[in-house]
Each structure stands twice: as structure tokens, then as C-alpha cells.
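J.: This is data_1.cif (mmCIF, C-alpha atoms and all ligand atoms).
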data_work
loop_
_atom_site.label_atom_id
_atom_site.label_comp_id
_atom_site.auth_asym_id
_atom_site.auth_seq_id
_atom_site.Cartn_x
_atom_site.Cartn_y
_atom_site.Cartn_z
CA MET B 758 29.62 14.83 -4.13
CA THR B 759 28.53 18.31 -5.18
CA ALA B 760 30.20 21.01 -7.27
CA LYS B 761 30.23 23.28 -4.23
CA ASP B 762 32.19 20.75 -2.16
CA ILE B 763 34.55 19.95 -5.03
CA GLU B 764 35.40 23.60 -5.63
CA ARG B 765 36.77 24.12 -2.13
CA CYS B 766 39.05 21.05 -2.55
CA ILE B 767 40.65 22.14 -5.84
CA THR B 768 44.34 23.02 -5.56
CA PRO B 769 46.94 23.95 -8.22
CA LYS B 770 47.84 20.24 -8.28
CA THR B 771 44.31 19.07 -9.18
CA LYS B 772 44.13 17.35 -12.56
CA ALA B 773 40.75 15.64 -12.62
CA ILE B 774 37.44 15.20 -10.79
CA VAL B 775 36.07 11.69 -10.15
CA PRO B 776 32.41 11.85 -9.10
CA ILE B 777 31.23 8.52 -7.66
CA HIS B 778 27.60 7.60 -8.38
CA THR B 779 26.91 5.77 -5.14
CA TYR B 780 24.45 2.85 -4.81
CA GLY B 781 22.81 3.68 -8.17
CA ASN B 782 22.30 7.39 -7.49
CA VAL B 783 23.89 9.93 -9.87
CA CYS B 784 25.76 13.05 -8.72
CA ASP B 785 24.34 16.38 -9.83
CA MET B 786 26.53 16.40 -12.95
CA ALA B 787 25.49 19.68 -14.66
CA PRO B 788 27.20 21.96 -12.08
CA ILE B 789 30.16 19.54 -11.84
CA MET B 790 30.72 19.70 -15.63
CA GLU B 791 30.35 23.48 -15.53
CA LEU B 792 32.96 23.71 -12.75
CA ALA B 793 35.32 21.37 -14.63
CA ASP B 794 35.01 23.49 -17.79
CA ARG B 795 35.69 26.66 -15.84
CA LYS B 796 38.78 25.15 -14.15
CA ALA B 797 39.93 23.16 -17.24
CA LEU B 798 39.81 19.83 -15.39
CA LEU B 799 39.01 16.39 -16.79
CA VAL B 800 36.00 14.54 -15.33
CA LEU B 801 35.94 10.74 -15.01
CA GLU B 802 32.63 9.31 -13.82
CA ASP B 803 32.81 6.31 -11.53
CA ALA B 804 29.56 4.62 -12.54
CA ALA B 805 30.62 1.23 -11.15
CA GLU B 806 27.41 1.10 -9.08
CA ALA B 807 25.16 3.00 -11.47
CA ILE B 808 24.96 1.23 -14.80
CA GLY B 809 21.55 1.99 -16.31
CA SER B 810 20.85 4.97 -14.02
CA LYS B 811 20.00 8.17 -15.86
CA TYR B 812 20.65 11.84 -15.15
CA MET B 813 18.48 14.30 -17.10
CA GLY B 814 17.83 11.51 -19.59
CA ARG B 815 21.51 10.58 -20.05
CA MET B 816 23.12 7.34 -18.95
CA ALA B 817 25.42 7.60 -15.94
CA GLY B 818 28.96 7.14 -17.22
CA THR B 819 28.31 8.97 -20.51
CA ILE B 820 27.98 12.54 -19.20
CA ALA B 821 31.71 13.20 -18.69
CA PRO B 822 34.35 12.42 -21.35
CA VAL B 823 35.20 9.17 -19.53
CA GLY B 824 33.05 6.77 -17.51
CA ILE B 825 33.69 3.39 -15.93
CA TYR B 826 31.43 0.46 -15.02
CA SER B 827 32.16 -2.51 -12.78
CA PHE B 828 31.04 -6.02 -13.70
CA HIS B 829 32.00 -7.48 -10.31
CA ALA B 830 29.86 -10.41 -9.18
CA THR B 831 27.56 -8.23 -7.06
CA LYS B 832 26.99 -5.51 -9.63
CA THR B 833 23.85 -4.85 -11.69
CA ILE B 834 25.31 -6.76 -14.62
CA THR B 835 28.28 -9.00 -14.12
CA THR B 836 31.07 -10.93 -15.80
CA GLY B 837 32.30 -12.33 -12.45
CA GLU B 838 35.10 -9.78 -12.34
CA GLY B 839 36.00 -7.03 -14.77
CA GLY B 840 34.48 -3.85 -16.07
CA ALA B 841 34.41 -1.37 -18.91
CA ALA B 842 35.55 2.15 -19.60
CA VAL B 843 33.65 4.30 -22.09
CA THR B 844 34.72 7.56 -23.67
CA SER B 845 33.47 10.04 -26.21
CA SER B 846 37.06 10.85 -27.28
CA ILE B 847 38.83 8.84 -30.00
CA GLU B 848 42.18 9.99 -28.62
CA LEU B 849 41.40 8.73 -25.10
CA ARG B 850 40.03 5.48 -26.51
CA ASP B 851 43.32 4.86 -28.28
CA ARG B 852 45.29 5.70 -25.10
CA MET B 853 43.15 3.28 -23.10
CA HIS B 854 43.67 0.54 -25.70
CA LEU B 855 47.40 1.12 -25.40
CA PHE B 856 47.54 0.86 -21.61
CA ARG B 857 45.07 -2.06 -21.56
CA SER B 858 47.33 -4.28 -23.58
CA HIS B 859 50.88 -4.06 -22.17
CA GLY B 860 51.51 -0.74 -23.90
CA MET B 861 51.50 -2.36 -27.34
CA ALA B 862 49.81 -0.79 -30.36
CA ALA B 863 50.59 -1.30 -34.05
CA ARG B 864 54.00 -2.98 -33.57
CA ARG B 865 53.70 -6.42 -32.00
CA TYR B 866 55.68 -6.96 -28.75
CA TRP B 867 56.88 -3.35 -28.89
CA HIS B 868 55.93 -1.54 -25.68
CA GLU B 869 55.32 2.14 -26.36
CA VAL B 870 54.36 2.86 -22.74
CA ALA B 871 54.46 0.90 -19.48
CA GLY B 872 51.02 -0.70 -19.84
CA HIS B 873 49.32 -3.61 -18.08
CA ASN B 874 47.04 -6.49 -18.95
CA PHE B 875 43.58 -5.04 -18.33
CA ARG B 876 41.93 -7.17 -21.00
CA LEU B 877 38.59 -8.84 -20.36
CA THR B 878 38.72 -12.48 -21.48
CA ASN B 879 36.52 -13.53 -24.41
CA MET B 880 34.60 -15.82 -22.07
CA GLN B 881 33.84 -12.93 -19.71
CA ALA B 882 32.86 -10.75 -22.67
CA ALA B 883 30.42 -13.45 -23.82
CA ILE B 884 28.83 -13.49 -20.35
CA GLY B 885 28.70 -9.68 -20.45
CA CYS B 886 26.93 -9.68 -23.83
CA ALA B 887 24.34 -12.14 -22.50
CA GLN B 888 23.89 -9.98 -19.38
CA LEU B 889 23.42 -6.86 -21.51
CA GLU B 890 20.65 -8.62 -23.42
CA GLN B 891 18.88 -9.06 -20.06
CA ILE B 892 19.52 -5.60 -18.66
CA GLU B 893 15.91 -4.44 -19.08
CA ALA B 894 14.56 -7.46 -17.18
CA ILE B 895 17.23 -7.04 -14.46
CA THR B 896 16.46 -3.32 -14.18
CA LYS B 897 12.73 -4.01 -13.88
CA GLU B 898 13.32 -6.43 -11.00
CA ARG B 899 15.70 -4.00 -9.27
CA ASP B 900 13.03 -1.35 -9.54
CA ARG B 901 10.48 -3.70 -7.97
CA VAL B 902 12.84 -4.47 -5.08
CA TYR B 903 13.54 -0.76 -4.54
CA LYS B 904 9.83 0.15 -4.59
CA THR B 905 8.91 -2.60 -2.14
CA TYR B 906 11.64 -1.52 0.31
CA THR B 907 10.56 2.13 -0.06
CA ARG B 908 6.92 1.23 0.66
CA LEU B 909 7.85 -0.80 3.73
CA LEU B 910 10.53 1.47 5.18
CA GLN B 911 9.76 5.06 4.17
CA ASN B 912 7.99 5.89 7.43
CA VAL B 913 10.36 4.11 9.79
CA GLU B 914 11.60 6.72 12.20
CA GLY B 915 15.40 6.91 12.40
CA ALA B 916 15.94 5.12 9.06
CA MET B 917 16.77 7.53 6.24
CA LEU B 918 16.58 6.05 2.76
CA GLN B 919 18.82 7.36 0.00
CA TYR B 920 17.45 10.54 -1.63
CA TYR B 921 17.07 10.73 -5.42
CA SER B 922 16.50 14.12 -7.03
CA ASP B 923 13.98 14.68 -9.85
CA LYS B 924 16.87 14.77 -12.33
CA VAL B 925 17.77 11.15 -11.54
CA ASP B 926 16.07 8.01 -12.81
CA PRO B 927 17.99 5.43 -10.78
CA VAL B 928 18.70 1.75 -11.20
CA VAL B 929 19.16 1.15 -7.50
CA TRP B 930 22.17 -1.07 -6.93
CA ALA B 931 21.87 -1.27 -3.14
CA ILE B 932 19.22 -0.27 -0.61
CA ALA B 933 21.25 2.10 1.55
CA ILE B 934 19.87 3.44 4.82
CA ALA B 935 21.43 5.94 7.22
CA LEU B 936 20.53 5.04 10.80
CA ASP B 937 19.83 7.72 13.35
CA VAL B 938 21.27 7.03 16.79
CA SER B 939 18.02 8.21 18.41
CA ALA B 940 16.24 5.14 17.01
CA PHE B 941 19.16 2.69 16.74
CA SER B 942 21.12 3.61 19.86
CA GLN B 943 23.05 0.30 19.81
CA GLY B 944 24.89 1.60 16.70
CA ARG B 945 25.04 0.45 13.09
CA ASP B 946 27.58 -2.35 13.66
CA ALA B 947 25.40 -3.88 16.39
CA VAL B 948 22.40 -3.76 13.99
CA ILE B 949 24.48 -5.60 11.38
CA GLU B 950 25.29 -8.25 13.99
CA GLN B 951 21.63 -8.55 15.12
CA LEU B 952 20.49 -9.07 11.50
CA ASN B 953 23.31 -11.54 10.95
CA GLN B 954 21.99 -13.57 13.90
CA LEU B 955 18.62 -13.62 12.14
CA GLY B 956 20.26 -15.00 9.00
CA ILE B 957 20.26 -11.70 7.08
CA GLU B 958 23.54 -10.58 5.55
CA THR B 959 23.95 -6.82 5.22
CA ARG B 960 26.90 -4.57 4.59
CA PRO B 961 28.21 -1.40 6.19
CA GLY B 962 28.56 1.88 4.27
CA PHE B 963 31.93 2.32 2.62
CA TYR B 964 34.76 3.83 4.64
CA SER B 965 35.32 7.50 3.97
CA ALA B 966 38.43 7.65 1.74
CA ASN B 967 40.05 10.38 3.84
CA THR B 968 40.24 8.00 6.84
CA MET B 969 42.77 5.89 4.90
CA PRO B 970 45.95 7.88 5.55
CA HIS B 971 47.79 6.71 2.43
CA ILE B 972 45.01 8.17 0.24
CA TYR B 973 44.12 11.66 1.35
CA GLY B 974 46.15 12.35 4.45
CA LYS B 975 44.65 14.98 6.67
CA LEU B 976 41.56 16.04 4.69
CA ARG B 977 38.43 16.22 6.88
CA LEU B 978 35.11 15.10 5.38
CA PRO B 979 32.67 15.15 8.33
CA VAL B 980 29.54 14.22 6.34
CA CYS B 981 31.25 11.26 4.63
CA GLU B 982 32.75 10.14 7.93
CA TYR B 983 29.35 10.30 9.66
CA LEU B 984 27.60 8.42 6.84
CA SER B 985 30.28 5.76 6.62
CA GLN B 986 29.55 4.93 10.26
CA GLN B 987 25.74 5.10 10.03
CA VAL B 988 24.91 3.54 6.65
CA ILE B 989 23.79 -0.04 6.31
CA SER B 990 22.77 -1.65 3.06
CA LEU B 991 20.14 -4.34 3.07
CA PRO B 992 19.96 -7.35 0.71
CA SER B 993 19.26 -5.83 -2.72
CA SER B 994 19.39 -8.68 -5.22
CA PRO B 995 16.85 -8.47 -8.07
CA THR B 996 15.93 -12.11 -7.35
CA LEU B 997 14.51 -11.31 -3.88
CA THR B 998 10.84 -12.25 -3.52
CA GLU B 999 8.30 -9.91 -1.93
CA GLU B 1000 8.11 -12.27 1.08
CA GLU B 1001 11.87 -12.18 1.54
CA ILE B 1002 11.90 -8.37 1.43
CA GLU B 1003 9.09 -8.29 3.98
CA ARG B 1004 11.07 -10.60 6.27
CA VAL B 1005 14.16 -8.37 5.95
CA CYS B 1006 12.09 -5.26 6.75
CA THR B 1007 10.33 -6.86 9.73
CA SER B 1008 13.69 -8.02 11.11
CA PHE B 1009 15.24 -4.61 10.48
CA LYS B 1010 12.39 -2.82 12.29
CA SER B 1011 12.71 -5.25 15.22
CA CYS B 1012 16.25 -3.86 15.76
CA LYS B 1013 14.89 -0.45 16.73
CA LYS B 1014 15.55 0.42 20.36
C1 LIG S 1101 32.11 2.98 -6.71
C2 LIG S 1101 33.02 1.85 -7.10
N1 LIG S 1101 34.12 2.14 -7.81
C3 LIG S 1101 34.95 1.16 -8.20
C4 LIG S 1101 34.71 -0.15 -7.90
C5 LIG S 1101 35.70 -1.17 -8.33
O1 LIG S 1101 35.18 -2.01 -9.31
P1 LIG S 1101 35.90 -3.41 -9.58
O2 LIG S 1101 35.72 -4.24 -8.35
O3 LIG S 1101 35.16 -3.98 -10.77
O4 LIG S 1101 37.33 -3.11 -9.87
C6 LIG S 1101 33.58 -0.50 -7.17
C7 LIG S 1101 33.23 -1.89 -6.81
O5 LIG S 1101 33.91 -2.72 -6.39
C8 LIG S 1101 32.71 0.53 -6.75
O6 LIG S 1101 31.61 0.23 -6.04
#
Now, as a test, write the supplied structure out as C-alpha cells.

T.:
Amino acid sequence: MTAKDIERCITPKTKAIVPIHTYGNVCDMAPIMELADRKALLVLEDAAEAIGSKYMGRMAGTIAPVGIYSFHATKTITTGEGGAAVTSSIELRDRMHLFRSHGMAARRYWHEVAGHNFRLTNMQAAIGCAQLEQIEAITKERDRVYKTYTRLLQNVEGAMLQYYSDKVDPVVWAIAIALDVSAFSQGRDAVIEQLNQLGIETRPGFYSANTMPHIYGKLRLPVCEYLSQQVISLPSSPTLTEEEIERVCTSFKSCKK
């Protein structure tokens, strides 16, 4: 998502911008923050997939006034399910506390707003603290996995690896590759099936949000739509051995037509 693309989508009804830092990459935030300032819009960073990634030296999720992280089982650090929201604003922190806990604040069992139960359990928080203590080791292994995939796949014709700009120091959450039909004429879904037959579980790129009618109706996003049909992500766990990554890459290359 770029500032240029966001600007053409802003309408008088727009209240906030939610850049999504996909697969561990970070959106080019400086122009997005500049645009938001100019248009007086709030920015909420979706850093669910990008914990630990940095943009111009700053942690993804801490550039805008609000950021969120996911601790789902597959994420870089996990509490099984759950997540965290961070903010640099005391006022927003207090609002989030209110909505997190059934809309109750100082007065017990008095609901100031219609809140929910978004609390993380103490057991999950304990797992999260232990995971945080290991984040450097996890990040190092993710970096190894990313570098090995890059070495083995960077010159494979028709397989475009995710691009990271010089401003981004990523913690790669998933190895995402856009397939070109000239090299994978059977199509992405057939490649997923071929790899599945070889015992390798992959996942397709996310659906483009505008194709879900209840979300964005008639908006056209041709680049997102194209990528959602062409992207495959390969096994990306930090526990993968070099041999396992080599097997995945050899199998992936054998799918080329
Ligand atoms: C970009 C992005 N945003 C939000 C979420 C939702 O996170 P959770 O499953 O922890 O609610 C996910 C992951 O599931 C995600 O990848």
C-alpha cells in the first residue's frame, strides 16, 4: 500500500488509514504519515505479520499512533491466539482499556461503553513473555531461513520474491513468491496441489479485500487481485533445516512448466 494509492481512495467519509505490513515487509510509512497529517486522518498500523521488522530504524507498529500485533499460532511470536495493541497516546490507551474489558473502568460492573472481552489470559501472557525473551533467537533463525530461500530461488525465472526497500530491515514472516504464468502455466492453485502431493504444505496469497462484497463493494484493485491469484507462500518456520529448505526449493522448481 502506498501513499499515492491511498490518496486516490480518500473520500469525505474516510476516518483512518490502515496500512498492512504484509509477510514481514513494512509499507513506506513516511509518505503515508505525511498524507495522514495533511488530511487529518488517524493511522493504525496492522503489524500482525511484521513484529520485529524495522522501517528507517523504527519498529513496525510504533510509527503510527496505534499499531497491532498478532500472536496467532503461526506468527513470529505466539500465545496460541491473541495479540497486542500499542499506542503512543495515553488517551487512546485508556480508551482501549475500556473497550477491552466490557466497557468497565473505575466503577466495577458499571459499563461506560458497549465493550467486549478482549483480554489476554494470564497464561497466554506468560507464554508471550517467554516468547519475547526468545525473540532475538527466533528472528535470527527466520533471517537464516529467508537468506537460504533467497539464495536458492532468486534466479528462478517466473518466481518473483517479495521486494524489500533499503528503508526496511525485515523479519520475514512468510516466504511469498508471485508466480508468472509464462513459467508456471498450470496456475498457482495447481502448483499448490503438486507440492501438496509431494508432502509440502503451502498457502495461497490472501484474497484481495475488495473481492469480498460485504467489505468494499465495487472498488477495483487490479494489482491486489492479480497478486492474490499468483502468490504462493512456502514453508517459512524458523525451525526448518537447510536440507528441508533445499527439498522445498527443488520440489518447487520441479513444478515449472
Ligand atoms: C495482516 C493481518 N492482520 C490481522 C490478522 C489477525 O490476527 P489474529 O488472527 O491474531 O486476530 C492477521 C492474522 O491472522 C494478519 O495476518

J.: Which chain B residues have any atom within 7 Å of an atom of ligand LIG 1101 (chain S), and for each, what is the nearest pair of atoms with distance in Å to one decimal, counting all atoms listed in the file, rows sorted by chain and number, as a tab-separated table?

T.:
residue	atom	partner	partner_atom	distance
B:Ile777	CA	S:LIG1101	C1	5.7
B:His778	CA	S:LIG1101	C1	6.7
B:Thr779	CA	S:LIG1101	C1	6.1
B:Asp803	CA	S:LIG1101	N1	5.7
B:Ala804	CA	S:LIG1101	C1	6.6
B:Ala805	CA	S:LIG1101	C2	4.7
B:Glu806	CA	S:LIG1101	O6	5.3
B:Ser827	CA	S:LIG1101	O3	3.9
B:Phe828	CA	S:LIG1101	O3	5.5
B:His829	CA	S:LIG1101	O3	4.7
B:Glu838	CA	S:LIG1101	O3	6.0
B:Gly839	CA	S:LIG1101	O3	5.1
B:Gly840	CA	S:LIG1101	O3	5.3

J.: For the residues selected in the previous step, produce a file with C-alpha atoms as a compact mmCIF listing (two decimals), in the frame of the given file.

T.:
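Result file follows (again.txt):
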# COMPACT_ATOMS: atom_id res chain seq x y z
CA ILE B 777 31.23 8.52 -7.66
CA HIS B 778 27.60 7.60 -8.38
CA THR B 779 26.91 5.77 -5.14
CA ASP B 803 32.81 6.31 -11.53
CA ALA B 804 29.56 4.62 -12.54
CA ALA B 805 30.62 1.23 -11.15
CA GLU B 806 27.41 1.10 -9.08
CA SER B 827 32.16 -2.51 -12.78
CA PHE B 828 31.04 -6.02 -13.70
CA HIS B 829 32.00 -7.48 -10.31
CA GLU B 838 35.10 -9.78 -12.34
CA GLY B 839 36.00 -7.03 -14.77
CA GLY B 840 34.48 -3.85 -16.07

J.: Considering only C-alpha atoms, can you say which of B:Phe1009, B:Tyr906, B:Tyr983, B:Tyr921 comes closest to B:Phe941?

T.: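 For B:Phe941, the nearest of the candidates is B:Phe1009.
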
J.: Report, in Å with one decimal, the straight-line distance from atom CA of B:Pro995 to atom CA of B:Val823.

T.: 27.9 Å

J.: List as a CSV table (one decimal) with C-alpha atoms, in the coordinates of the input the protein and nucleic acid residues near B:Gly915, meaning an atom at most 10 Å away when all atoms listed in the file are counted, but skip any in the same chain fewer than 4 places from it.

T.:
chain,number,residue,atom,x,y,z
B,934,ILE,CA,19.9,3.4,4.8
B,935,ALA,CA,21.4,5.9,7.2
B,936,LEU,CA,20.5,5.0,10.8
B,937,ASP,CA,19.8,7.7,13.4
B,938,VAL,CA,21.3,7.0,16.8
B,939,SER,CA,18.0,8.2,18.4
B,940,ALA,CA,16.2,5.1,17.0
B,941,PHE,CA,19.2,2.7,16.7
B,942,SER,CA,21.1,3.6,19.9
B,1013,LYS,CA,14.9,-0.4,16.7

J.: Would you pick out the contacts of B:Trp930 at 12 Å or less, using all atoms listed in the file, so that residues sharing its chain but fewer than 2 positions from it are not included, and give the list as a JSON list (two decimals) with C-alpha atoms, in the coordinates of the input?

T.:
[["chain", "number", "residue", "atom", "x", "y", "z"],
["B", 778, "HIS", "CA", 27.60, 7.60, -8.38],
["B", 779, "THR", "CA", 26.91, 5.77, -5.14],
["B", 780, "TYR", "CA", 24.45, 2.85, -4.81],
["B", 781, "GLY", "CA", 22.81, 3.68, -8.17],
["B", 782, "ASN", "CA", 22.30, 7.39, -7.49],
["B", 783, "VAL", "CA", 23.89, 9.93, -9.87],
["B", 804, "ALA", "CA", 29.56, 4.62, -12.54],
["B", 805, "ALA", "CA", 30.62, 1.23, -11.15],
["B", 806, "GLU", "CA", 27.41, 1.10, -9.08],
["B", 807, "ALA", "CA", 25.16, 3.00, -11.47],
["B", 808, "ILE", "CA", 24.96, 1.23, -14.80],
["B", 809, "GLY", "CA", 21.55, 1.99, -16.31],
["B", 810, "SER", "CA", 20.85, 4.97, -14.02],
["B", 827, "SER", "CA", 32.16, -2.51, -12.78],
["B", 831, "THR", "CA", 27.56, -8.23, -7.06],
["B", 832, "LYS", "CA", 26.99, -5.51, -9.63],
["B", 833, "THR", "CA", 23.85, -4.85, -11.69],
["B", 834, "ILE", "CA", 25.31, -6.76, -14.62],
["B", 895, "ILE", "CA", 17.23, -7.04, -14.46],
["B", 896, "THR", "CA", 16.46, -3.32, -14.18],
["B", 898, "GLU", "CA", 13.32, -6.43, -11.00],
["B", 899, "ARG", "CA", 15.70, -4.00, -9.27],
["B", 900, "ASP", "CA", 13.03, -1.35, -9.54],
["B", 902, "VAL", "CA", 12.84, -4.47, -5.08],
["B", 903, "TYR", "CA", 13.54, -0.76, -4.54],
["B", 919, "GLN", "CA", 18.82, 7.36, 0.00],
["B", 927, "PRO", "CA", 17.99, 5.43, -10.78],
["B", 928, "VAL", "CA", 18.70, 1.75, -11.20],
["B", 932, "ILE", "CA", 19.22, -0.27, -0.61],
["B", 933, "ALA", "CA", 21.25, 2.10, 1.55],
["B", 990, "SER", "CA", 22.77, -1.65, 3.06],
["B", 991, "LEU", "CA", 20.14, -4.34, 3.07],
["B", 992, "PRO", "CA", 19.96, -7.35, 0.71],
["B", 993, "SER", "CA", 19.26, -5.83, -2.72],
["B", 994, "SER", "CA", 19.39, -8.68, -5.22],
["B", 995, "PRO", "CA", 16.85, -8.47, -8.07]]

J.: Pick from B:Thr905, B:Gln881, B:Thr819, B:Gln943: nearest to B:Glu1001, with all atoms listed in the file counted?

T.: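 Between B:Thr905, B:Gln881, B:Thr819, B:Gln943, the residue approaching B:Glu1001 most closely is B:Thr905.
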
J.: Hey, can you check how far atom CA of B:Ala787 sits from atom CA of B:Arg765?

T.: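 These two atoms are separated by 17.4 Å.
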
J.: Show which residues sit within 12 Å of stretch 968-978 of chain B, as an MDAnalysis selection string. Count only C-alpha atoms, and ignore same-chain residues fewer than 5 positions away.

T.: chainID B and resid 758 762:763 765:766 963 983:986

J.: For the point (40.3, 18.8, -17.5) in the file's frame, write as an MDAnalysis selection string all residues with an atom no more than 10 Å away, counting all atoms listed in the file.

T.: chainID B and resid 771:774 790 793:801 822

J.: With a distance cut-off of 7 Å and all atoms listed in the file, select the neighbouring residues of B:His859, excluding the residue or stretch itself and same-chain residues fewer than 3 positions from it, and output the selection as a PyMOL selection string.

T.: chain B and resi 856+868+871-874

J.: If you measure from atom CA of B:Leu909 to atom CA of B:Cys1012, what distance in Å do you get, rounded to one decimal?

T.: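 Atom-to-atom, atom CA of B:Leu909 to atom CA of B:Cys1012, that is 15.0 Å.
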
J.: Pick out the closest residue to B:Lys1014 from this set: B:Arg865, B:Arg945, B:Arg815, B:Arg960. Count all atoms listed in the file.

T.: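 Checking each candidate against B:Lys1014, we get B:Arg945 as the closest.
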